[in-house]
$ cat target-v5.csv   # CSV, C-alpha atoms
chain,number,residue,atom,x,y,z
A,103,MET,CA,-26.2,-28.6,-40.2
A,104,HIS,CA,-25.3,-27.6,-36.6
A,105,ASN,CA,-27.0,-24.2,-37.1
A,106,GLU,CA,-30.2,-25.8,-38.4
A,107,LEU,CA,-33.3,-25.0,-36.4
A,108,ILE,CA,-34.6,-28.2,-34.9
A,109,MET,CA,-38.1,-26.9,-34.3
A,110,ALA,CA,-40.4,-24.9,-36.6
A,111,ASN,CA,-41.3,-21.9,-34.5
A,112,GLU,CA,-38.5,-19.3,-35.2
A,113,LYS,CA,-40.2,-16.6,-33.2
A,114,TYR,CA,-38.6,-18.1,-30.0
A,115,THR,CA,-35.1,-19.3,-30.6
A,116,ILE,CA,-32.8,-20.7,-27.9
A,117,ASN,CA,-29.1,-20.7,-28.6
A,118,PHE,CA,-27.1,-23.6,-27.0
A,119,SER,CA,-23.5,-24.6,-26.8
A,120,VAL,CA,-22.0,-28.1,-26.5
A,121,TYR,CA,-19.4,-29.0,-23.9
A,122,ALA,CA,-17.3,-32.1,-23.0
A,123,THR,CA,-18.4,-33.3,-19.6
A,124,PRO,CA,-15.4,-32.9,-17.2
A,125,ASP,CA,-14.1,-35.7,-15.0
A,126,ASN,CA,-16.2,-38.4,-16.7
A,127,ALA,CA,-16.2,-41.6,-14.7
A,128,ILE,CA,-16.8,-43.8,-17.7
A,129,SER,CA,-13.3,-44.9,-18.8
A,130,GLY,CA,-12.4,-44.4,-22.4
A,131,GLU,CA,-15.6,-42.6,-23.4
A,132,THR,CA,-16.1,-38.8,-23.8
A,133,LEU,CA,-19.6,-37.6,-23.1
A,134,TYR,CA,-21.1,-34.2,-24.0
A,135,HIS,CA,-23.8,-32.0,-22.5
A,136,VAL,CA,-25.5,-28.8,-23.7
A,137,ARG,CA,-26.0,-25.5,-22.0
A,138,GLN,CA,-28.1,-22.5,-22.9
A,139,VAL,CA,-26.3,-19.4,-24.2
A,140,ASN,CA,-28.3,-16.6,-22.5
A,141,SER,CA,-28.7,-13.3,-24.3
A,142,GLN,CA,-29.7,-11.2,-21.3
A,143,MET,CA,-31.5,-11.2,-18.0
A,144,ILE,CA,-34.7,-9.2,-17.6
A,145,LYS,CA,-34.0,-7.6,-14.2
A,146,ARG,CA,-35.6,-4.2,-14.2
A,147,GLU,CA,-39.3,-4.0,-13.1
A,148,ASP,CA,-39.7,-1.0,-15.3
A,149,ASP,CA,-38.8,-3.0,-18.4
A,150,LEU,CA,-41.4,-5.7,-17.6
A,151,ALA,CA,-44.0,-3.1,-16.8
A,152,ASP,CA,-43.4,-1.2,-20.0
A,153,VAL,CA,-43.8,-4.3,-22.2
A,154,ILE,CA,-47.1,-5.2,-20.4
A,155,GLU,CA,-48.4,-1.6,-20.8
A,156,ARG,CA,-47.8,-1.8,-24.6
A,157,ASN,CA,-49.7,-5.1,-24.9
A,158,THR,CA,-52.6,-4.6,-22.4
A,159,SER,CA,-54.9,-1.8,-21.2
A,160,PHE,CA,-52.9,-1.5,-17.9
A,161,THR,CA,-50.5,1.4,-17.4
A,162,SER,CA,-46.9,0.8,-16.4
A,163,ALA,CA,-47.7,2.3,-12.9
A,164,ASP,CA,-50.7,-0.2,-12.6
A,165,VAL,CA,-48.4,-3.1,-13.4
A,166,LYS,CA,-45.7,-2.1,-11.0
A,167,GLY,CA,-48.3,-1.5,-8.3
A,168,LEU,CA,-49.8,-4.9,-8.9
A,169,ILE,CA,-46.4,-6.7,-8.9
A,170,THR,CA,-45.6,-5.1,-5.5
A,171,ALA,CA,-49.0,-6.0,-4.1
A,172,VAL,CA,-48.8,-9.6,-5.3
A,173,ARG,CA,-45.3,-10.0,-3.9
A,174,ASP,CA,-46.2,-8.6,-0.5
A,175,GLN,CA,-49.3,-10.8,-0.2
A,176,ILE,CA,-47.4,-13.9,-1.2
A,177,ALA,CA,-44.7,-13.0,1.4
A,178,GLU,CA,-47.5,-12.6,4.0
A,179,TYR,CA,-49.0,-16.0,3.3
A,180,LEU,CA,-45.6,-17.7,3.3
A,181,MET,CA,-44.7,-16.2,6.7
A,182,GLN,CA,-48.0,-17.5,8.0
A,183,GLY,CA,-46.8,-21.0,7.0
A,184,ASN,CA,-48.9,-21.4,3.9
A,185,THR,CA,-48.1,-22.6,0.4
A,186,VAL,CA,-49.3,-20.2,-2.3
A,187,SER,CA,-50.7,-21.6,-5.5
A,188,ILE,CA,-51.4,-19.3,-8.5
A,189,LYS,CA,-53.2,-21.2,-11.2
A,190,GLY,CA,-51.4,-21.0,-14.5
A,191,LEU,CA,-48.1,-19.9,-12.8
A,192,GLY,CA,-47.1,-22.3,-10.0
A,193,GLN,CA,-46.7,-22.8,-6.3
A,194,PHE,CA,-44.5,-20.8,-3.9
A,195,PHE,CA,-43.4,-22.5,-0.6
A,196,LEU,CA,-40.7,-22.0,2.1
A,197,GLN,CA,-37.7,-24.2,2.2
A,198,LEU,CA,-36.5,-25.0,5.7
A,199,GLY,CA,-33.2,-26.1,7.0
A,200,VAL,CA,-31.1,-26.5,10.1
A,201,ARG,CA,-29.2,-23.5,11.4
A,202,LYS,CA,-25.4,-23.4,10.9
A,203,GLU,CA,-22.9,-22.6,13.6
A,204,LYS,CA,-19.2,-21.7,13.7
A,205,ASP,CA,-16.6,-24.1,14.6
A,206,ALA,CA,-13.3,-23.3,16.5
A,207,ASP,CA,-11.7,-22.2,13.2
A,208,GLY,CA,-14.5,-19.8,12.4
A,209,HIS,CA,-16.0,-22.0,9.6
A,210,MET,CA,-19.8,-22.5,9.3
A,211,HIS,CA,-21.1,-26.1,9.7
A,212,ARG,CA,-24.7,-27.4,9.8
A,213,LYS,CA,-25.6,-28.6,13.3
A,214,ARG,CA,-25.9,-32.4,13.7
A,215,PHE,CA,-28.5,-34.1,15.7
A,216,THR,CA,-28.5,-37.8,16.9
A,217,SER,CA,-32.1,-37.6,18.3
A,218,PRO,CA,-35.2,-35.9,16.8
A,219,ASP,CA,-36.1,-34.6,20.2
A,220,ASP,CA,-33.0,-32.4,20.2
A,221,ILE,CA,-34.3,-30.2,17.4
A,222,ASN,CA,-36.3,-27.2,18.4
A,223,GLY,CA,-37.5,-23.9,16.9
A,224,ASN,CA,-34.1,-22.2,17.5
A,225,ASP,CA,-32.4,-24.8,15.3
A,226,VAL,CA,-34.6,-24.3,12.2
A,227,ILE,CA,-34.4,-21.5,9.7
A,228,VAL,CA,-36.0,-20.5,6.4
A,229,GLU,CA,-33.2,-21.1,3.9
A,230,GLY,CA,-35.1,-20.1,0.8
A,231,ILE,CA,-38.3,-19.8,-1.2
A,232,GLY,CA,-39.2,-22.7,-3.5
A,233,PHE,CA,-41.2,-22.5,-6.7
A,234,LYS,CA,-42.9,-25.4,-8.5
A,235,CYS,CA,-44.0,-24.5,-12.1
A,236,ASP,CA,-47.7,-25.1,-12.9
A,237,LYS,CA,-48.3,-27.5,-15.8
A,238,GLU,CA,-50.2,-24.9,-17.7
A,239,PHE,CA,-47.2,-22.5,-17.5
A,240,ARG,CA,-44.8,-25.3,-18.4
A,241,SER,CA,-46.8,-26.3,-21.4
A,242,GLN,CA,-46.9,-22.6,-22.6
A,243,ILE,CA,-43.1,-22.8,-23.0
A,244,LEU,CA,-42.2,-26.4,-23.7
A,245,GLY,CA,-42.4,-27.3,-27.4
A,246,GLN,CA,-42.8,-23.6,-28.4
A,247,VAL,CA,-39.1,-22.7,-29.0
A,248,ALA,CA,-36.7,-23.5,-31.7
A,249,MET,CA,-33.2,-24.7,-30.9
A,250,ARG,CA,-30.0,-23.4,-32.6
A,251,ARG,CA,-26.5,-24.5,-31.9
A,252,ALA,CA,-24.2,-21.5,-31.4
A,253,GLU,CA,-20.8,-22.8,-32.5
A,254,ASN,CA,-18.5,-20.0,-31.2
A,255,LEU,CA,-20.5,-18.5,-28.4
A,256,ALA,CA,-19.2,-19.1,-24.8
A,257,MET,CA,-17.6,-22.4,-25.8
A,258,HIS,CA,-14.7,-21.8,-23.5
A,259,SER,CA,-14.4,-20.1,-20.1
A,260,ARG,CA,-12.9,-16.6,-20.1
A,261,GLU,CA,-10.4,-15.3,-17.6
A,262,VAL,CA,-12.0,-13.7,-14.5
A,263,SER,CA,-9.7,-11.6,-12.4
A,264,ARG,CA,-9.8,-11.7,-8.6
A,265,ALA,CA,-11.1,-8.2,-8.4
A,266,GLU,CA,-13.9,-8.8,-11.0
A,267,LEU,CA,-14.9,-12.0,-9.1
A,268,LEU,CA,-15.2,-10.3,-5.7
A,269,VAL,CA,-16.9,-7.1,-6.9
A,270,GLY,CA,-19.3,-9.0,-9.2
A,271,LEU,CA,-20.2,-11.5,-6.5
A,272,ASP,CA,-20.6,-8.8,-3.9
A,273,ASN,CA,-23.0,-6.8,-6.2
A,274,TYR,CA,-25.0,-9.9,-7.1
A,275,CYS,CA,-25.4,-11.2,-3.6
A,276,ARG,CA,-26.3,-7.7,-2.2
A,277,GLU,CA,-29.2,-7.7,-4.7
A,278,ASN,CA,-30.2,-11.3,-4.6
A,279,GLY,CA,-29.0,-12.6,-1.2
A,280,HIS,CA,-27.0,-15.6,-2.7
A,281,ILE,CA,-25.8,-17.0,-6.0
A,282,THR,CA,-26.1,-20.5,-7.5
A,283,ARG,CA,-23.7,-22.3,-9.8
A,284,SER,CA,-25.9,-21.7,-12.8
A,285,GLU,CA,-26.3,-18.0,-12.0
A,286,PHE,CA,-22.5,-17.8,-11.5
A,287,GLN,CA,-22.0,-19.2,-15.0
A,288,ARG,CA,-24.4,-16.6,-16.5
A,289,VAL,CA,-23.0,-13.6,-14.6
A,290,PHE,CA,-19.3,-14.4,-15.3
A,291,GLY,CA,-19.6,-16.1,-18.7
A,292,VAL,CA,-17.8,-19.3,-17.7
A,293,THR,CA,-18.4,-23.0,-18.2
A,294,ARG,CA,-20.1,-25.2,-15.6
A,295,TYR,CA,-16.8,-26.9,-14.9
A,296,MET,CA,-15.0,-23.5,-14.2
A,297,ALA,CA,-18.0,-22.2,-12.2
A,298,ASP,CA,-17.8,-25.3,-9.9
A,299,LYS,CA,-14.0,-25.0,-9.6
A,300,MET,CA,-14.0,-21.2,-8.8
A,301,LEU,CA,-16.8,-21.5,-6.3
A,302,THR,CA,-15.2,-24.5,-4.6
A,303,ASP,CA,-11.9,-22.6,-4.4
A,304,LEU,CA,-13.7,-19.5,-3.0
A,305,VAL,CA,-15.3,-21.3,-0.1
A,306,SER,CA,-12.2,-23.4,0.6
A,307,GLU,CA,-9.9,-20.4,1.2
A,308,PRO,CA,-8.1,-20.1,4.6
A,309,TYR,CA,-10.4,-17.2,5.5
A,310,PRO,CA,-13.3,-17.6,3.1
A,311,LYS,CA,-15.6,-14.6,2.3
A,312,TYR,CA,-18.4,-17.0,1.1
A,313,HIS,CA,-19.9,-20.2,2.3
A,314,ARG,CA,-22.1,-22.9,0.7
A,315,GLU,CA,-25.5,-24.0,1.8
A,316,LYS,CA,-27.9,-26.6,0.4
A,317,VAL,CA,-31.4,-25.3,-0.3
A,318,GLY,CA,-33.6,-28.1,-1.5
A,319,ALA,CA,-31.7,-29.9,-4.3
A,320,VAL,CA,-29.6,-26.8,-5.1
A,321,TYR,CA,-26.4,-25.4,-3.5
A,322,VAL,CA,-26.3,-21.7,-2.9
A,323,TYR,CA,-23.4,-19.5,-2.1
A,324,LYS,CA,-23.7,-16.7,0.5
A,325,LYS,CA,-21.4,-14.0,1.7
A,326,TYR,CA,-20.0,-13.7,5.2
A,327,GLY,CA,-20.6,-10.1,6.4
A,328,ASP,CA,-20.7,-7.0,4.2
A,329,LYS,CA,-17.1,-6.3,3.3
A,330,ILE,CA,-15.5,-7.2,-0.1
$ encode --input "target-v5.csv" --output "structure tokens"
Amino acid sequence: MHNELIMANEKYTINFSVYATPDNAISGETLYHVRQVNSQMIKREDDLADVIERNTSFTSADVKGLITAVRDQIAEYLMQGNTVSIKGLGQFFLQLGVRKEKDADGHMHRKRFTSPDDINGNDVIVEGIGFKCDKEFRSQILGQVAMRRAENLAMHSREVSRAELLVGLDNYCRENGHITRSEFQRVFGVTRYMADKMLTDLVSEPYPKYHREKVGAVYVYKKYGDKI
């Protein structure tokens, strides 16, 4: 019964696993949550361009050129202080925050202000780029996929060595700038609980190589410097 498809469209099937929620505050009751079991991440521009070429009249070179042009123009508009809305896709916007500074121990902390008049342009930075999905894009996906419970896929966290952790994080952050908890789960194949624990331990070390920042409603983890 657990492997039964809940929805009719079998062309798009999402595998999920079930986990006990750790540190549940409700005494005497064990609650459970679900998490998607990802098959792969589509990262290469060439892969996306090749698929679009096979399904449209555009060449792969056309697609890659268009992706670059759209990306650069969105960046230009954002740097001018605009929000960019693409009908059928969504809105791109900048996420601002207050600059961090080092304390006497060399740890980064967000500056605190007791008066709004104390905040000026030197204190504010762009922390990230936000995206709000368009309703049309959302509707294209929601309700169109079948759900299958994957009994023995990623049900427990695997062991991640210190070397694998540091090298994997370094490679990911060099390419993406930062990593979130959910991205950490996917990259290292661990549960949410273990991802939270490993990341918390990482930023709490005596001489941490990474620090945590809040961007919107999400915490991101960034590296200090360039050395592993």
$ residues_around --input "target-v5.csv" --residues "range 198-202 of chain A" --least-positions-apart "4" --cutoff "10 Å" --atoms "only C-alpha atoms" --output "list in words"
His209, Met210, His211, Arg212, Lys213, Arg214, Phe215, Ile221, Asn222, Gly223, Asn224, Asp225, Val226, Ile227, Val228, Glu229, Gly230, Ile231, Gly232, Glu315, Lys316, Val317 and Gly318 of chain A
$ residues_around --input "target-v5.csv" --residues "range 270-279 of chain A" --least-positions-apart "2" --cutoff "7 Å" --atoms "all atoms listed in the file" --output "list of chain:residue names"
A:Glu266, A:Leu267, A:Leu268, A:Ile281, A:Lys324, A:Ile330
$ write_last_selection --input "target-v5.csv" --atoms "C-alpha atoms" --output "short mmCIF file (atom, residue, chain, number, x, y, z; two decimals), in the coordinates of the input"
data_model
loop_
_atom_site.label_atom_id
_atom_site.label_comp_id
_atom_site.auth_asym_id
_atom_site.auth_seq_id
_atom_site.Cartn_x
_atom_site.Cartn_y
_atom_site.Cartn_z
CA GLU A 266 -13.90 -8.80 -11.00
CA LEU A 267 -14.90 -12.00 -9.10
CA LEU A 268 -15.20 -10.30 -5.70
CA ILE A 281 -25.80 -17.00 -6.00
CA LYS A 324 -23.70 -16.70 0.50
CA ILE A 330 -15.50 -7.20 -0.10
#
$ closest_residue --input "target-v5.csv" --among "A:Ile176, A:Ser119, A:Arg137, A:Ser159" --to "Arg294 in chain A" --atoms "all atoms listed in the file"
A:Arg137
$ atom_distance --input "target-v5.csv" --atom1 "CA of Gly190 in chain A" --atom2 "CA of Asp148 in chain A"
23.2 Å
$ residues_around --input "target-v5.csv" --residues "Leu150 in chain A" --least-positions-apart "6" --cutoff "12 Å" --atoms "all atoms listed in the file" --output "JSON, numbers by chain"
{"A": [143, 144, 156, 157, 161, 162, 163, 164, 165, 166, 169]}
$ closest_residue --input "target-v5.csv" --among "A:Ala151, A:Cys235, A:Met300, A:Val120" --to "Lys189 in chain A" --atoms "all atoms listed in the file"
A:Cys235
$ atom_distance --input "target-v5.csv" --atom1 "CA of Tyr321 in chain A" --atom2 "CA of Asp298 in chain A"
10.7 Å
$ atom_distance --input "target-v5.csv" --atom1 "CA of Arg173 in chain A" --atom2 "CA of Arg146 in chain A"
15.3 Å
$ residues_around --input "target-v5.csv" --residues "Leu304 in chain A" --least-positions-apart "3" --cutoff "12 Å" --atoms "all atoms listed in the file" --output "PyMOL selection string"
chain A and resi 264+267-268+271+296-301+307-314+323-326
$ closest_residue --input "target-v5.csv" --among "A:Ile188, A:Phe160, A:Glu261, A:Val320" --to "Thr282 in chain A" --atoms "all atoms listed in the file"
A:Val320
$ closest_residue --input "target-v5.csv" --among "A:Tyr179, A:Tyr121, A:Val136, A:Lys234" --to "Met249 in chain A" --atoms "all atoms listed in the file"
A:Val136
